[in-house]
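Participant: Could you have a look at this structure, given as structure tokens, before my questions?
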Amino acid sequence: MHLKVKSGSGEEARKKLISEGVLDKARKIQKTDGYLLIPVTRAADYPGAELVNLEGKAAKRKSASLRETLEGRLSAEELAHLPNAFDIIGDIAVLEIPKELSAKKKIIGEALLETFKNLKVAANKTTSVGTEYRTRNVEVIAGEKRTETTHREYGCEYKLDITTSYFSPRLGTERMRVAKQVKPGERVLVMFAGIGPYAILIAKTARPKEVYAVELNPSAVEYMKENIRLNKADVKAVLGDAGAEAGKYGKFDRIIMPLPKDAGNFLDKALPALKKGGVIHYYTFAGTTEEAAQEVKNICSKLGHKIEVLDAVECGTYSPQLSRMCVDYKLIK
Ligand SMILES: C[S@@+](CC[C@H](N)C(=O)[O-])C[C@H]1O[C@@H](n2cnc3c(N)ncnc32)[C@H](O)[C@@H]1O
């Protein structure tokens, strides 16, 4: 069934049909001299339009969007506040719903799970990452009442509870960038290792001699140990303070320091654990890659070292002014 409306009223009629939930999205809107034939799922009306019986043509499958699902369920003003993106960790979607939409969070969560059938939980961030363990609180707003999931990335599986351990799916490409640099036979230390994504990816995709992964958060370490088993990865998980542990396991060819807010305070412990010619991957928040490189040079200079910056890359946003940067460097003195 189609509603035949004058072309000039087509957009207004389409919006009315969407708001009434009768637009048939599985079929195409067709043009016929001066009129539009808008497919509807049941009888509907619009001033000056007539219903016509016609089978219609199948619409091309557009990729689903949360905004589209919510059209007609939220007002245009509410839709304008809808977040443009959300994180997907395993089968959990993590959104940051603004206060203007807090009364609609259940509707938004349900629409999200309706749109993306592979997602089973919709969660809303209630605090931002700020604790020592870099965890955040979330509330489940739709779907199964759980915060544990398994995330898959580059052929590895990571089990975690998103409320007790830090994990960012946005850093997958950066982890691979670092893993690709690991040469066969290297000894690698991952400080601030979380649930193990750097260490496990390196153990599985490169051919290191040994990988040590140090993490302070007991829950993250439990998940890391489980992830090491799940992925059959050869990684030594250590529960403890990365500064205190760095010097206990011999010298390393490569040290990864993914603690952007604080890595600078651990360089005095990391540098003595680096072999001559070894490489550090140092993370920080900075406005430009040049600023990030300068920060490392200044800290290392105070510690009596000159460095050679091999690369400095932007690998994520942090705030309008700051990005997450990684500086790859080695000591030259
Ligand atoms: C930004 S997260 C990175 C986690 C992981 N590398 C990843 O990419 O998913 C930083 C991690 O450092 C841990 N951490 C903070 N201070 C630490 C310390 N002094 N020693 C060891 N780990 C620490 C936190 O618990 C958190 O898991």
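Identifiers in this document derive from the order of the structure tokens: chains are assigned A, B, ..., residues are numbered from 1 separately in each chain, and ligands are numbered from 1 in order of occurrence.
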Let me have all residues with an atom within 6 Å of ligand 1, counting only C-alpha atoms and all ligand atoms, laid out as a list in words.
Facilitator: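 The distance check yields Glu132, Tyr133, Arg134, Tyr166, Phe167, Ser168, Phe192, Ala193, Gly194, Pro197, Val214, Glu215, Leu216, Asn217, Gly240, Asp241, Ala242, Pro258 and Leu259 of chain A.
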Participant: For region 93-103 of chain A, please output as a PyMOL selection string all residues within 8 Å (counting only C-alpha atoms; exclusion window: fewer than 6 positions along the same chain).
Facilitator: chain A and resi 78+81-83+85-87+119+121-126
Participant: Compare A:Val327, A:Ala270, A:Leu79, A:Cys156 by their minimum atom-to-atom distance to Glu291 (chain A), counting only C-alpha atoms, and give me the closest one.
Facilitator: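 For Glu291 (chain A), the nearest of the given residues is A:Val327.
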Participant: Can you list every residue in region 70-312 of chain A that DSSP puts in strand (DSSP E), as a VMD selection string?
Facilitator: chain A and resid 87 to 89 92 to 95 121 to 125 138 to 143 148 to 153 156 to 161 187 to 190 210 to 215 236 to 239 252 to 257 274 to 286 307 to 312
